[in-house]
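S.K.: Quick one, run04.cif (mmCIF, N, CA, C and O atoms):
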data_query
loop_
_atom_site.label_atom_id
_atom_site.label_comp_id
_atom_site.auth_asym_id
_atom_site.auth_seq_id
_atom_site.Cartn_x
_atom_site.Cartn_y
_atom_site.Cartn_z
N LEU A 1 5.11 -6.45 -6.53
CA LEU A 1 4.80 -5.55 -5.43
C LEU A 1 3.97 -6.27 -4.39
O LEU A 1 3.21 -7.18 -4.71
N PHE A 2 4.14 -5.86 -3.16
CA PHE A 2 3.38 -6.41 -2.04
C PHE A 2 2.85 -5.23 -1.24
O PHE A 2 3.63 -4.38 -0.80
N VAL A 3 1.54 -5.16 -1.05
CA VAL A 3 0.93 -4.10 -0.25
C VAL A 3 0.49 -4.71 1.07
O VAL A 3 -0.30 -5.66 1.11
N SER A 4 1.02 -4.17 2.16
CA SER A 4 0.73 -4.70 3.49
C SER A 4 -0.73 -4.52 3.85
O SER A 4 -1.37 -3.52 3.52
N ALA A 5 -1.25 -5.49 4.59
CA ALA A 5 -2.63 -5.44 5.07
C ALA A 5 -2.72 -4.84 6.47
O ALA A 5 -3.81 -4.68 7.01
N ILE A 6 -1.57 -4.51 7.08
CA ILE A 6 -1.57 -4.00 8.46
C ILE A 6 -2.25 -2.65 8.52
O ILE A 6 -2.20 -1.87 7.59
N SER A 7 -2.89 -2.38 9.63
CA SER A 7 -3.61 -1.12 9.81
C SER A 7 -3.46 -0.67 11.25
O SER A 7 -3.42 -1.49 12.15
N ASN A 8 -3.37 0.65 11.47
CA ASN A 8 -3.29 1.08 12.86
C ASN A 8 -4.66 1.22 13.49
O ASN A 8 -4.78 1.75 14.56
N SER A 9 -5.67 0.64 12.88
CA SER A 9 -6.97 0.56 13.54
C SER A 9 -7.07 -0.77 14.30
O SER A 9 -8.12 -1.12 14.81
N SER A 10 -5.98 -1.49 14.39
CA SER A 10 -5.93 -2.77 15.08
C SER A 10 -6.26 -2.61 16.56
O SER A 10 -6.01 -1.58 17.16
N SER A 11 -6.80 -3.66 17.15
CA SER A 11 -7.08 -3.64 18.59
C SER A 11 -5.80 -3.62 19.41
O SER A 11 -5.83 -3.37 20.61
N LEU A 12 -4.65 -3.85 18.77
CA LEU A 12 -3.37 -3.79 19.48
C LEU A 12 -2.93 -2.36 19.75
O LEU A 12 -2.03 -2.12 20.54
N THR A 13 -3.54 -1.40 19.04
CA THR A 13 -3.22 0.00 19.23
C THR A 13 -4.12 0.58 20.30
O THR A 13 -5.34 0.45 20.21
N SER A 14 -3.55 1.21 21.30
CA SER A 14 -4.37 1.79 22.36
C SER A 14 -5.16 2.98 21.83
O SER A 14 -4.76 3.63 20.87
N SER A 15 -6.27 3.29 22.47
CA SER A 15 -7.09 4.42 22.03
C SER A 15 -6.34 5.73 22.18
O SER A 15 -6.58 6.69 21.46
N ALA A 16 -5.39 5.80 23.12
CA ALA A 16 -4.59 7.01 23.31
C ALA A 16 -3.56 7.18 22.20
O ALA A 16 -3.04 8.25 21.98
N ASP A 17 -3.28 6.09 21.49
CA ASP A 17 -2.27 6.10 20.43
C ASP A 17 -2.96 6.05 19.07
O ASP A 17 -2.63 5.25 18.22
N ASN A 18 -3.93 6.91 18.86
CA ASN A 18 -4.75 6.89 17.66
C ASN A 18 -4.15 7.77 16.57
O ASN A 18 -4.73 8.74 16.16
N ARG A 19 -2.98 7.41 16.10
CA ARG A 19 -2.33 8.19 15.05
C ARG A 19 -2.54 7.49 13.70
O ARG A 19 -2.87 6.32 13.65
N THR A 20 -2.31 8.19 12.66
CA THR A 20 -2.46 7.64 11.32
C THR A 20 -1.07 7.42 10.72
O THR A 20 -0.24 8.31 10.77
N SER A 21 -0.86 6.25 10.16
CA SER A 21 0.42 5.95 9.54
C SER A 21 0.62 6.82 8.31
O SER A 21 -0.27 6.97 7.49
N THR A 22 1.79 7.43 8.21
CA THR A 22 2.11 8.25 7.04
C THR A 22 3.03 7.50 6.08
O THR A 22 3.44 8.05 5.09
N VAL A 23 3.34 6.26 6.40
CA VAL A 23 4.24 5.47 5.57
C VAL A 23 3.43 4.65 4.57
O VAL A 23 2.47 3.99 4.94
N ASP A 24 3.81 4.74 3.30
CA ASP A 24 3.21 3.89 2.27
C ASP A 24 3.77 2.50 2.48
O ASP A 24 4.98 2.29 2.42
N LEU A 25 2.92 1.53 2.78
CA LEU A 25 3.38 0.19 3.11
C LEU A 25 3.35 -0.73 1.88
O LEU A 25 2.82 -1.82 1.92
N THR A 26 3.94 -0.24 0.79
CA THR A 26 4.08 -1.02 -0.43
C THR A 26 5.54 -1.40 -0.58
O THR A 26 6.42 -0.55 -0.51
N PHE A 27 5.78 -2.69 -0.77
CA PHE A 27 7.14 -3.22 -0.87
C PHE A 27 7.37 -3.83 -2.25
O PHE A 27 6.46 -4.40 -2.85
N THR A 28 8.61 -3.75 -2.74
CA THR A 28 9.03 -4.43 -3.96
C THR A 28 9.82 -5.65 -3.54
O THR A 28 10.72 -5.56 -2.71
N ARG A 29 9.48 -6.80 -4.11
CA ARG A 29 10.13 -8.06 -3.75
C ARG A 29 11.27 -8.40 -4.72
O ARG A 29 11.13 -8.18 -5.92
N TYR A 30 12.34 -8.95 -4.17
CA TYR A 30 13.48 -9.41 -4.97
C TYR A 30 13.83 -10.82 -4.52
O TYR A 30 13.89 -11.09 -3.32
N CYS A 31 14.09 -11.70 -5.46
CA CYS A 31 14.44 -13.09 -5.14
C CYS A 31 15.90 -13.34 -5.48
O CYS A 31 16.49 -12.66 -6.31
N ASP A 32 16.47 -14.36 -4.83
CA ASP A 32 17.86 -14.75 -5.05
C ASP A 32 18.80 -13.56 -4.89
O ASP A 32 19.64 -13.28 -5.73
N ALA A 33 18.64 -12.85 -3.79
CA ALA A 33 19.40 -11.63 -3.53
C ALA A 33 20.33 -11.80 -2.34
O ALA A 33 20.27 -12.79 -1.62
N ASN A 34 21.19 -10.82 -2.17
CA ASN A 34 22.08 -10.74 -1.01
C ASN A 34 21.73 -9.49 -0.22
O ASN A 34 21.34 -8.47 -0.79
N THR A 35 21.92 -9.53 1.08
CA THR A 35 21.67 -8.38 1.93
C THR A 35 22.73 -7.31 1.68
O THR A 35 23.92 -7.61 1.68
N PRO A 36 22.32 -6.06 1.48
CA PRO A 36 23.31 -5.00 1.27
C PRO A 36 24.13 -4.73 2.53
O PRO A 36 23.66 -4.96 3.65
N ALA A 37 25.34 -4.23 2.36
CA ALA A 37 26.23 -3.95 3.49
C ALA A 37 25.68 -2.89 4.42
O ALA A 37 26.03 -2.86 5.60
N THR A 38 24.79 -2.03 3.93
CA THR A 38 24.27 -0.93 4.75
C THR A 38 23.11 -1.36 5.65
O THR A 38 22.60 -0.55 6.41
N PHE A 39 22.70 -2.62 5.58
CA PHE A 39 21.55 -3.11 6.34
C PHE A 39 21.81 -3.10 7.84
O PHE A 39 22.82 -3.61 8.31
N LYS A 40 20.88 -2.50 8.60
CA LYS A 40 20.95 -2.48 10.07
C LYS A 40 19.69 -3.14 10.62
O LYS A 40 18.59 -2.60 10.47
N PRO A 41 19.80 -4.31 11.25
CA PRO A 41 18.63 -5.02 11.78
C PRO A 41 17.93 -4.24 12.89
O PRO A 41 18.57 -3.58 13.70
N LEU A 42 16.60 -4.33 12.89
CA LEU A 42 15.78 -3.75 13.95
C LEU A 42 15.18 -4.83 14.83
O LEU A 42 15.15 -4.70 16.05
N THR A 43 14.70 -5.91 14.22
CA THR A 43 14.14 -7.03 14.97
C THR A 43 14.14 -8.26 14.07
O THR A 43 14.38 -8.17 12.86
N SER A 44 13.88 -9.41 14.66
CA SER A 44 13.88 -10.65 13.89
C SER A 44 12.92 -11.65 14.51
O SER A 44 12.44 -11.46 15.62
N GLY A 45 12.65 -12.72 13.78
CA GLY A 45 11.77 -13.75 14.29
C GLY A 45 11.63 -14.88 13.30
O GLY A 45 12.25 -14.89 12.23
N PHE A 46 10.81 -15.85 13.67
CA PHE A 46 10.51 -16.97 12.79
C PHE A 46 9.12 -16.77 12.22
O PHE A 46 8.17 -16.54 12.96
N VAL A 47 9.01 -16.85 10.90
CA VAL A 47 7.72 -16.71 10.22
C VAL A 47 7.57 -17.86 9.23
O VAL A 47 8.54 -18.56 8.93
N TYR A 48 6.36 -18.06 8.75
CA TYR A 48 6.10 -19.18 7.85
C TYR A 48 6.25 -18.85 6.37
O TYR A 48 6.51 -19.73 5.56
N THR A 49 6.11 -17.57 6.02
CA THR A 49 6.20 -17.20 4.60
C THR A 49 6.95 -15.87 4.44
O THR A 49 7.09 -15.10 5.40
N PHE A 50 7.37 -15.60 3.21
CA PHE A 50 8.01 -14.34 2.88
C PHE A 50 7.03 -13.18 3.14
O PHE A 50 7.41 -12.14 3.67
N ASP A 51 5.76 -13.38 2.79
CA ASP A 51 4.75 -12.35 3.05
C ASP A 51 4.67 -12.02 4.54
O ASP A 51 4.53 -10.85 4.92
N ASP A 52 4.76 -13.03 5.40
CA ASP A 52 4.74 -12.79 6.86
C ASP A 52 5.93 -11.95 7.29
O ASP A 52 5.82 -11.09 8.16
N CYS A 53 7.07 -12.18 6.67
CA CYS A 53 8.28 -11.41 6.98
C CYS A 53 8.08 -9.94 6.59
O CYS A 53 8.43 -9.03 7.35
N ILE A 54 7.49 -9.72 5.42
CA ILE A 54 7.22 -8.35 4.98
C ILE A 54 6.24 -7.67 5.94
O ILE A 54 6.41 -6.51 6.31
N GLU A 55 5.23 -8.42 6.38
CA GLU A 55 4.25 -7.87 7.31
C GLU A 55 4.90 -7.50 8.65
O GLU A 55 4.49 -6.55 9.31
N MET A 56 5.94 -8.24 9.06
CA MET A 56 6.65 -7.90 10.29
C MET A 56 7.29 -6.51 10.16
O MET A 56 7.25 -5.70 11.08
N CYS A 57 7.87 -6.24 9.00
CA CYS A 57 8.48 -4.94 8.74
C CYS A 57 7.41 -3.85 8.74
O CYS A 57 7.57 -2.79 9.35
N ALA A 58 6.30 -4.11 8.07
CA ALA A 58 5.20 -3.14 8.01
C ALA A 58 4.66 -2.87 9.41
O ALA A 58 4.40 -1.71 9.78
N ALA A 59 4.49 -3.91 10.20
CA ALA A 59 3.99 -3.75 11.57
C ALA A 59 4.94 -2.92 12.41
O ALA A 59 4.51 -2.10 13.23
N TYR A 60 6.22 -3.10 12.21
CA TYR A 60 7.20 -2.28 12.93
C TYR A 60 6.97 -0.81 12.64
O TYR A 60 7.01 0.03 13.53
N ASN A 61 6.69 -0.49 11.38
CA ASN A 61 6.45 0.91 11.01
C ASN A 61 5.19 1.47 11.65
O ASN A 61 5.16 2.63 12.04
N VAL A 62 4.16 0.65 11.78
CA VAL A 62 2.90 1.12 12.36
C VAL A 62 3.00 1.25 13.88
O VAL A 62 2.53 2.23 14.45
N TYR A 63 3.64 0.30 14.54
CA TYR A 63 3.62 0.24 16.00
C TYR A 63 4.85 0.82 16.70
O TYR A 63 4.87 0.92 17.92
N SER A 64 5.87 1.23 15.97
CA SER A 64 7.10 1.71 16.62
C SER A 64 7.03 3.15 17.06
O SER A 64 7.94 3.64 17.71
N GLY A 65 6.01 3.86 16.69
CA GLY A 65 5.91 5.27 17.06
C GLY A 65 6.57 6.20 16.07
O GLY A 65 6.65 7.39 16.30
N GLY A 66 7.07 5.65 14.98
CA GLY A 66 7.61 6.48 13.91
C GLY A 66 9.04 6.95 14.09
O GLY A 66 9.55 7.70 13.28
N SER A 67 9.74 6.51 15.13
CA SER A 67 11.11 6.97 15.35
C SER A 67 12.09 6.37 14.34
O SER A 67 13.02 7.03 13.91
N THR A 68 11.89 5.13 13.97
CA THR A 68 12.75 4.46 12.99
C THR A 68 11.86 3.75 11.99
O THR A 68 10.87 3.14 12.37
N THR A 69 12.22 3.82 10.73
CA THR A 69 11.44 3.15 9.70
C THR A 69 12.10 1.85 9.29
O THR A 69 13.29 1.82 9.02
N CYS A 70 11.29 0.80 9.22
CA CYS A 70 11.75 -0.46 8.67
C CYS A 70 11.53 -0.39 7.17
O CYS A 70 10.41 -0.20 6.71
N ASP A 71 12.61 -0.48 6.40
CA ASP A 71 12.46 -0.39 4.95
C ASP A 71 12.95 -1.63 4.21
O ASP A 71 12.94 -1.67 2.99
N MET A 72 13.34 -2.67 4.97
CA MET A 72 13.80 -3.89 4.32
C MET A 72 13.45 -5.12 5.15
O MET A 72 13.67 -5.14 6.36
N ALA A 73 12.92 -6.13 4.48
CA ALA A 73 12.66 -7.43 5.09
C ALA A 73 13.54 -8.46 4.38
O ALA A 73 13.57 -8.52 3.15
N VAL A 74 14.25 -9.25 5.16
CA VAL A 74 15.15 -10.27 4.61
C VAL A 74 14.67 -11.63 5.11
O VAL A 74 14.59 -11.87 6.31
N TYR A 75 14.34 -12.52 4.16
CA TYR A 75 13.76 -13.83 4.49
C TYR A 75 14.62 -14.94 3.90
O TYR A 75 14.98 -14.90 2.72
N ASP A 76 14.95 -15.93 4.73
CA ASP A 76 15.73 -17.08 4.27
C ASP A 76 14.90 -18.33 4.49
O ASP A 76 14.75 -18.81 5.62
N VAL A 77 14.33 -18.85 3.42
CA VAL A 77 13.44 -20.00 3.50
C VAL A 77 14.16 -21.25 4.02
O VAL A 77 13.53 -22.14 4.58
N LYS A 78 15.48 -21.31 3.90
CA LYS A 78 16.24 -22.49 4.34
C LYS A 78 16.52 -22.51 5.84
O LYS A 78 16.94 -23.53 6.38
N GLU A 79 16.33 -21.37 6.50
CA GLU A 79 16.61 -21.31 7.94
C GLU A 79 15.43 -21.87 8.74
O GLU A 79 14.31 -21.94 8.26
N SER A 80 15.72 -22.27 9.97
CA SER A 80 14.68 -22.81 10.84
C SER A 80 14.65 -21.99 12.13
O SER A 80 15.38 -21.01 12.27
N ARG A 81 13.84 -22.41 13.07
CA ARG A 81 13.73 -21.69 14.34
C ARG A 81 15.11 -21.52 14.95
O ARG A 81 15.93 -22.40 14.82
N PRO A 82 15.40 -20.41 15.55
CA PRO A 82 14.49 -19.36 16.00
C PRO A 82 14.32 -18.20 15.03
O PRO A 82 13.42 -17.39 15.21
N VAL A 83 15.16 -18.10 13.98
CA VAL A 83 15.09 -16.91 13.12
C VAL A 83 15.23 -17.29 11.65
O VAL A 83 16.18 -17.98 11.27
N ASN A 84 14.28 -16.82 10.84
CA ASN A 84 14.42 -16.91 9.38
C ASN A 84 14.02 -15.59 8.71
O ASN A 84 14.02 -15.49 7.50
N CYS A 85 13.68 -14.59 9.53
CA CYS A 85 13.27 -13.29 9.02
C CYS A 85 13.93 -12.20 9.85
O CYS A 85 13.83 -12.21 11.08
N ILE A 86 14.62 -11.29 9.18
CA ILE A 86 15.22 -10.14 9.86
C ILE A 86 14.73 -8.90 9.14
O ILE A 86 14.79 -8.82 7.91
N VAL A 87 14.20 -7.96 9.91
CA VAL A 87 13.72 -6.71 9.31
C VAL A 87 14.55 -5.56 9.86
O VAL A 87 15.05 -5.62 10.98
N GLY A 88 14.71 -4.54 9.02
CA GLY A 88 15.53 -3.43 9.47
C GLY A 88 15.56 -2.29 8.49
O GLY A 88 14.70 -2.15 7.62
N SER A 89 16.62 -1.51 8.63
CA SER A 89 16.80 -0.33 7.81
C SER A 89 18.02 -0.51 6.92
O SER A 89 19.10 -0.84 7.41
N ALA A 90 17.83 -0.29 5.64
CA ALA A 90 18.95 -0.38 4.71
C ALA A 90 19.60 0.97 4.48
O ALA A 90 20.58 1.08 3.77
N GLN A 91 19.04 2.00 5.08
CA GLN A 91 19.53 3.38 5.00
C GLN A 91 19.50 3.92 3.58
O GLN A 91 18.88 4.94 3.33
N THR A 92 20.15 3.29 2.67
CA THR A 92 20.10 3.71 1.27
C THR A 92 19.44 2.59 0.48
O THR A 92 20.03 2.02 -0.42
N ALA A 93 18.22 2.27 0.87
CA ALA A 93 17.52 1.14 0.26
C ALA A 93 17.21 1.42 -1.20
O ALA A 93 16.42 2.28 -1.53
N ALA A 94 17.91 0.73 -2.06
CA ALA A 94 17.67 0.84 -3.50
C ALA A 94 18.01 -0.50 -4.12
O ALA A 94 18.87 -1.23 -3.63
N ALA A 95 17.33 -0.82 -5.19
CA ALA A 95 17.53 -2.12 -5.83
C ALA A 95 18.98 -2.34 -6.24
O ALA A 95 19.48 -3.45 -6.18
N GLU A 96 19.67 -1.28 -6.63
CA GLU A 96 21.06 -1.46 -7.08
C GLU A 96 22.00 -1.83 -5.94
O GLU A 96 23.11 -2.28 -6.17
N ASN A 97 21.56 -1.69 -4.69
CA ASN A 97 22.38 -2.07 -3.54
C ASN A 97 22.22 -3.54 -3.16
O ASN A 97 22.92 -4.02 -2.29
N ILE A 98 21.28 -4.21 -3.79
CA ILE A 98 21.04 -5.62 -3.47
C ILE A 98 21.85 -6.48 -4.43
O ILE A 98 21.70 -6.38 -5.64
N GLY A 99 22.71 -7.30 -3.86
CA GLY A 99 23.50 -8.18 -4.70
C GLY A 99 22.64 -9.29 -5.28
O GLY A 99 21.67 -9.72 -4.68
N ILE A 100 23.00 -9.78 -6.45
CA ILE A 100 22.26 -10.87 -7.07
C ILE A 100 23.01 -12.18 -6.85
O ILE A 100 24.12 -12.19 -6.36
N ASP A 101 22.40 -13.26 -7.22
CA ASP A 101 22.95 -14.61 -7.06
C ASP A 101 23.11 -15.00 -5.60
O ASP A 101 23.96 -15.79 -5.25
N GLY A 102 22.28 -14.43 -4.74
CA GLY A 102 22.25 -14.83 -3.34
C GLY A 102 21.17 -15.87 -3.15
O GLY A 102 20.62 -16.40 -4.10
N SER A 103 20.84 -16.15 -1.92
CA SER A 103 19.82 -17.16 -1.66
C SER A 103 18.67 -16.61 -0.83
O SER A 103 17.88 -17.37 -0.29
N LEU A 104 18.57 -15.28 -0.74
CA LEU A 104 17.57 -14.66 0.13
C LEU A 104 16.45 -14.02 -0.67
O LEU A 104 16.63 -13.61 -1.81
N ALA A 105 15.31 -13.92 -0.02
CA ALA A 105 14.20 -13.13 -0.56
C ALA A 105 14.22 -11.81 0.21
O ALA A 105 14.26 -11.80 1.44
N ILE A 106 14.22 -10.72 -0.52
CA ILE A 106 14.32 -9.39 0.10
C ILE A 106 13.18 -8.52 -0.41
O ILE A 106 12.85 -8.56 -1.59
N ALA A 107 12.60 -7.74 0.50
CA ALA A 107 11.56 -6.79 0.12
C ALA A 107 12.01 -5.40 0.56
O ALA A 107 12.46 -5.22 1.69
N LEU A 108 11.89 -4.44 -0.35
CA LEU A 108 12.23 -3.05 -0.05
C LEU A 108 10.97 -2.21 -0.02
O LEU A 108 10.14 -2.30 -0.92
N LEU A 109 10.87 -1.39 1.00
CA LEU A 109 9.77 -0.43 1.09
C LEU A 109 9.93 0.57 -0.04
O LEU A 109 11.01 1.14 -0.22
N LYS A 110 8.87 0.77 -0.81
CA LYS A 110 8.95 1.74 -1.91
C LYS A 110 9.05 3.14 -1.34
O LYS A 110 8.36 3.48 -0.39
N SER A 111 9.91 3.94 -1.92
CA SER A 111 10.04 5.32 -1.46
C SER A 111 8.86 6.12 -1.96
O SER A 111 8.26 5.80 -2.99
N SER A 112 8.50 7.16 -1.22
CA SER A 112 7.37 7.98 -1.60
C SER A 112 7.74 9.01 -2.66
O SER A 112 6.91 9.77 -3.10
N ALA A 113 9.00 9.03 -3.05
CA ALA A 113 9.44 9.99 -4.08
C ALA A 113 9.04 9.55 -5.46
O ALA A 113 8.79 8.45 -5.75
#
Reformat the file's structure so that it appears as structure tokens.

M.R.:
Amino acid sequence: LFVSAISNSSSLTSSADNRTSTVDLTFTRYCDANTPATFKPLTSGFVYTFDDCIEMCAAYNVYSGGSTTCDMAVYDVKESRPVNCIVGSAQTAAAENIGIDGSLAIALLKSSA
């Protein structure tokens, strides 16, 4: 499990946007996985670690205004600039939807159920 350190008390949040995150920012990590077919990217970038990729997904949830939830971070350690991390929505994010014997590190946002 990975629990995000992001907080909406950050100086990046305007005082007018003083809302409280209702999303539990705890992710389950999977190694040597494949991206599920239902994955829809929201944003991407270059990061230095898998943890940084997960934090990008968590930050999206805190700063996006709550319209769309990022529930999956996909990290490829073998990729280089400009992109090695893609975060998005898997829609039906569940461990059984992640293929095995892949080469990616994937983190799924734990459901609150």

S.K.: Given the file above and the PyMOL selection byres ((chain A and resi 105) around 6), which residues are selected, and can you give them as a PyMOL selection string?

M.R.: chain A and resi 30-33+73-76+103-104+106-107

S.K.: Mind listing whatever residues come within 5 Å of the point (5.5, -6.7, -1.6)? Use all atoms listed in the file, file coordinates, and give them as an mmCIF file with N, CA, C and O atoms, keeping the file's coordinate frame.

M.R.:
data_model
loop_
_atom_site.group_PDB
_atom_site.id
_atom_site.type_symbol
_atom_site.label_atom_id
_atom_site.label_comp_id
_atom_site.auth_asym_id
_atom_site.auth_seq_id
_atom_site.Cartn_x
_atom_site.Cartn_y
_atom_site.Cartn_z
ATOM 1 N N LEU A 1 5.110 -6.450 -6.530
ATOM 2 C CA LEU A 1 4.800 -5.550 -5.430
ATOM 3 C C LEU A 1 3.970 -6.270 -4.390
ATOM 4 O O LEU A 1 3.210 -7.180 -4.710
ATOM 5 N N PHE A 2 4.140 -5.860 -3.160
ATOM 6 C CA PHE A 2 3.380 -6.410 -2.040
ATOM 7 C C PHE A 2 2.850 -5.230 -1.240
ATOM 8 O O PHE A 2 3.630 -4.380 -0.800
ATOM 9 N N VAL A 3 1.540 -5.160 -1.050
ATOM 10 C CA VAL A 3 0.930 -4.100 -0.250
ATOM 11 C C VAL A 3 0.490 -4.710 1.070
ATOM 12 O O VAL A 3 -0.300 -5.660 1.110
ATOM 13 N N PHE A 27 5.780 -2.690 -0.770
ATOM 14 C CA PHE A 27 7.140 -3.220 -0.870
ATOM 15 C C PHE A 27 7.370 -3.830 -2.250
ATOM 16 O O PHE A 27 6.460 -4.400 -2.850
ATOM 17 N N THR A 28 8.610 -3.750 -2.740
ATOM 18 C CA THR A 28 9.030 -4.430 -3.960
ATOM 19 C C THR A 28 9.820 -5.650 -3.540
ATOM 20 O O THR A 28 10.720 -5.560 -2.710
ATOM 21 N N ARG A 29 9.480 -6.800 -4.110
ATOM 22 C CA ARG A 29 10.130 -8.060 -3.750
ATOM 23 C C ARG A 29 11.270 -8.400 -4.720
ATOM 24 O O ARG A 29 11.130 -8.180 -5.920
#

S.K.: Write out as an NGL selection string all residues of segment 50-82 of chain A that DSSP puts in strand (DSSP E or B) for this structure's backbone.

M.R.: :A and (72-75)

S.K.: Determine the residue set returned by the PyMOL selection byres ((chain A and resi 47-59) around 8) for the present structure, and present it as a PyMOL selection string.

M.R.: chain A and resi 2-7+23-27+43-46+60-65+68-77+79-88+105-107

S.K.: Please enumerate the residues selected by the PyMOL selection byres ((chain A and resi 38) around 4.5) when evaluated against the supplied file, formatted as a ChimeraX atom specification.

M.R.: /A:36-37,39-40,89-90

S.K.: So the first atom is atom C of Gly102 of chain A and the second is atom N of Thr35 of chain A; what is the distance between them in Å, to one decimal place?

M.R.: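 These two atoms are separated by 7.7 Å.
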
S.K.: Report, as JSON, the centre and edge lengths in Å (one decimal) of the axis-aligned box enclosing every listed atom of segment 71-83 of chain A, padded by 4 Å on each side.

M.R.:
{"center_x": 14.7, "center_y": -12.0, "center_z": 9.4, "size_x": 12.5, "size_y": 31.1, "size_z": 21.3}

S.K.: Give the alpha helix (DSSP H) residues of segment 33-103 of chain A, as DSSP finds them on the backbone, and put them as an MDAnalysis selection string.

M.R.: chainID A and resid 50:63

S.K.: With the input short on atoms, add all heavy atoms back to segment 82-88 of chain A and write it as a compact mmCIF listing (two decimals), keeping the file's coordinate frame.

M.R.:
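As written to disk, rebuild-v4.txt reads:
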# COMPACT_ATOMS: atom_id res chain seq x y z
N PRO A 82 15.40 -20.41 15.55
CA PRO A 82 14.49 -19.36 16.00
C PRO A 82 14.32 -18.20 15.03
O PRO A 82 13.42 -17.39 15.21
CB PRO A 82 15.13 -18.87 17.29
CG PRO A 82 16.60 -19.02 17.05
CD PRO A 82 16.72 -20.27 16.19
N VAL A 83 15.16 -18.10 13.98
CA VAL A 83 15.09 -16.91 13.12
C VAL A 83 15.23 -17.29 11.65
O VAL A 83 16.18 -17.98 11.27
CB VAL A 83 16.21 -15.89 13.48
CG1 VAL A 83 16.24 -14.74 12.49
CG2 VAL A 83 16.05 -15.38 14.89
N ASN A 84 14.28 -16.82 10.84
CA ASN A 84 14.42 -16.91 9.38
C ASN A 84 14.02 -15.59 8.71
O ASN A 84 14.02 -15.49 7.50
CB ASN A 84 13.61 -18.08 8.81
CG ASN A 84 12.11 -17.91 8.96
OD1 ASN A 84 11.62 -17.00 9.62
ND2 ASN A 84 11.37 -18.83 8.38
N CYS A 85 13.68 -14.59 9.53
CA CYS A 85 13.27 -13.29 9.02
C CYS A 85 13.93 -12.20 9.85
O CYS A 85 13.83 -12.21 11.08
CB CYS A 85 11.75 -13.16 9.09
SG CYS A 85 11.13 -11.50 8.74
N ILE A 86 14.62 -11.29 9.18
CA ILE A 86 15.22 -10.14 9.86
C ILE A 86 14.73 -8.90 9.14
O ILE A 86 14.79 -8.82 7.91
CB ILE A 86 16.76 -10.20 9.83
CG1 ILE A 86 17.25 -11.47 10.51
CG2 ILE A 86 17.36 -8.97 10.49
CD1 ILE A 86 18.74 -11.72 10.39
N VAL A 87 14.20 -7.96 9.91
CA VAL A 87 13.72 -6.71 9.31
C VAL A 87 14.55 -5.56 9.86
O VAL A 87 15.05 -5.62 10.98
CB VAL A 87 12.22 -6.49 9.56
CG1 VAL A 87 11.40 -7.60 8.94
CG2 VAL A 87 11.90 -6.35 11.04
N GLY A 88 14.71 -4.54 9.02
CA GLY A 88 15.53 -3.43 9.47
C GLY A 88 15.56 -2.29 8.49
O GLY A 88 14.70 -2.15 7.62
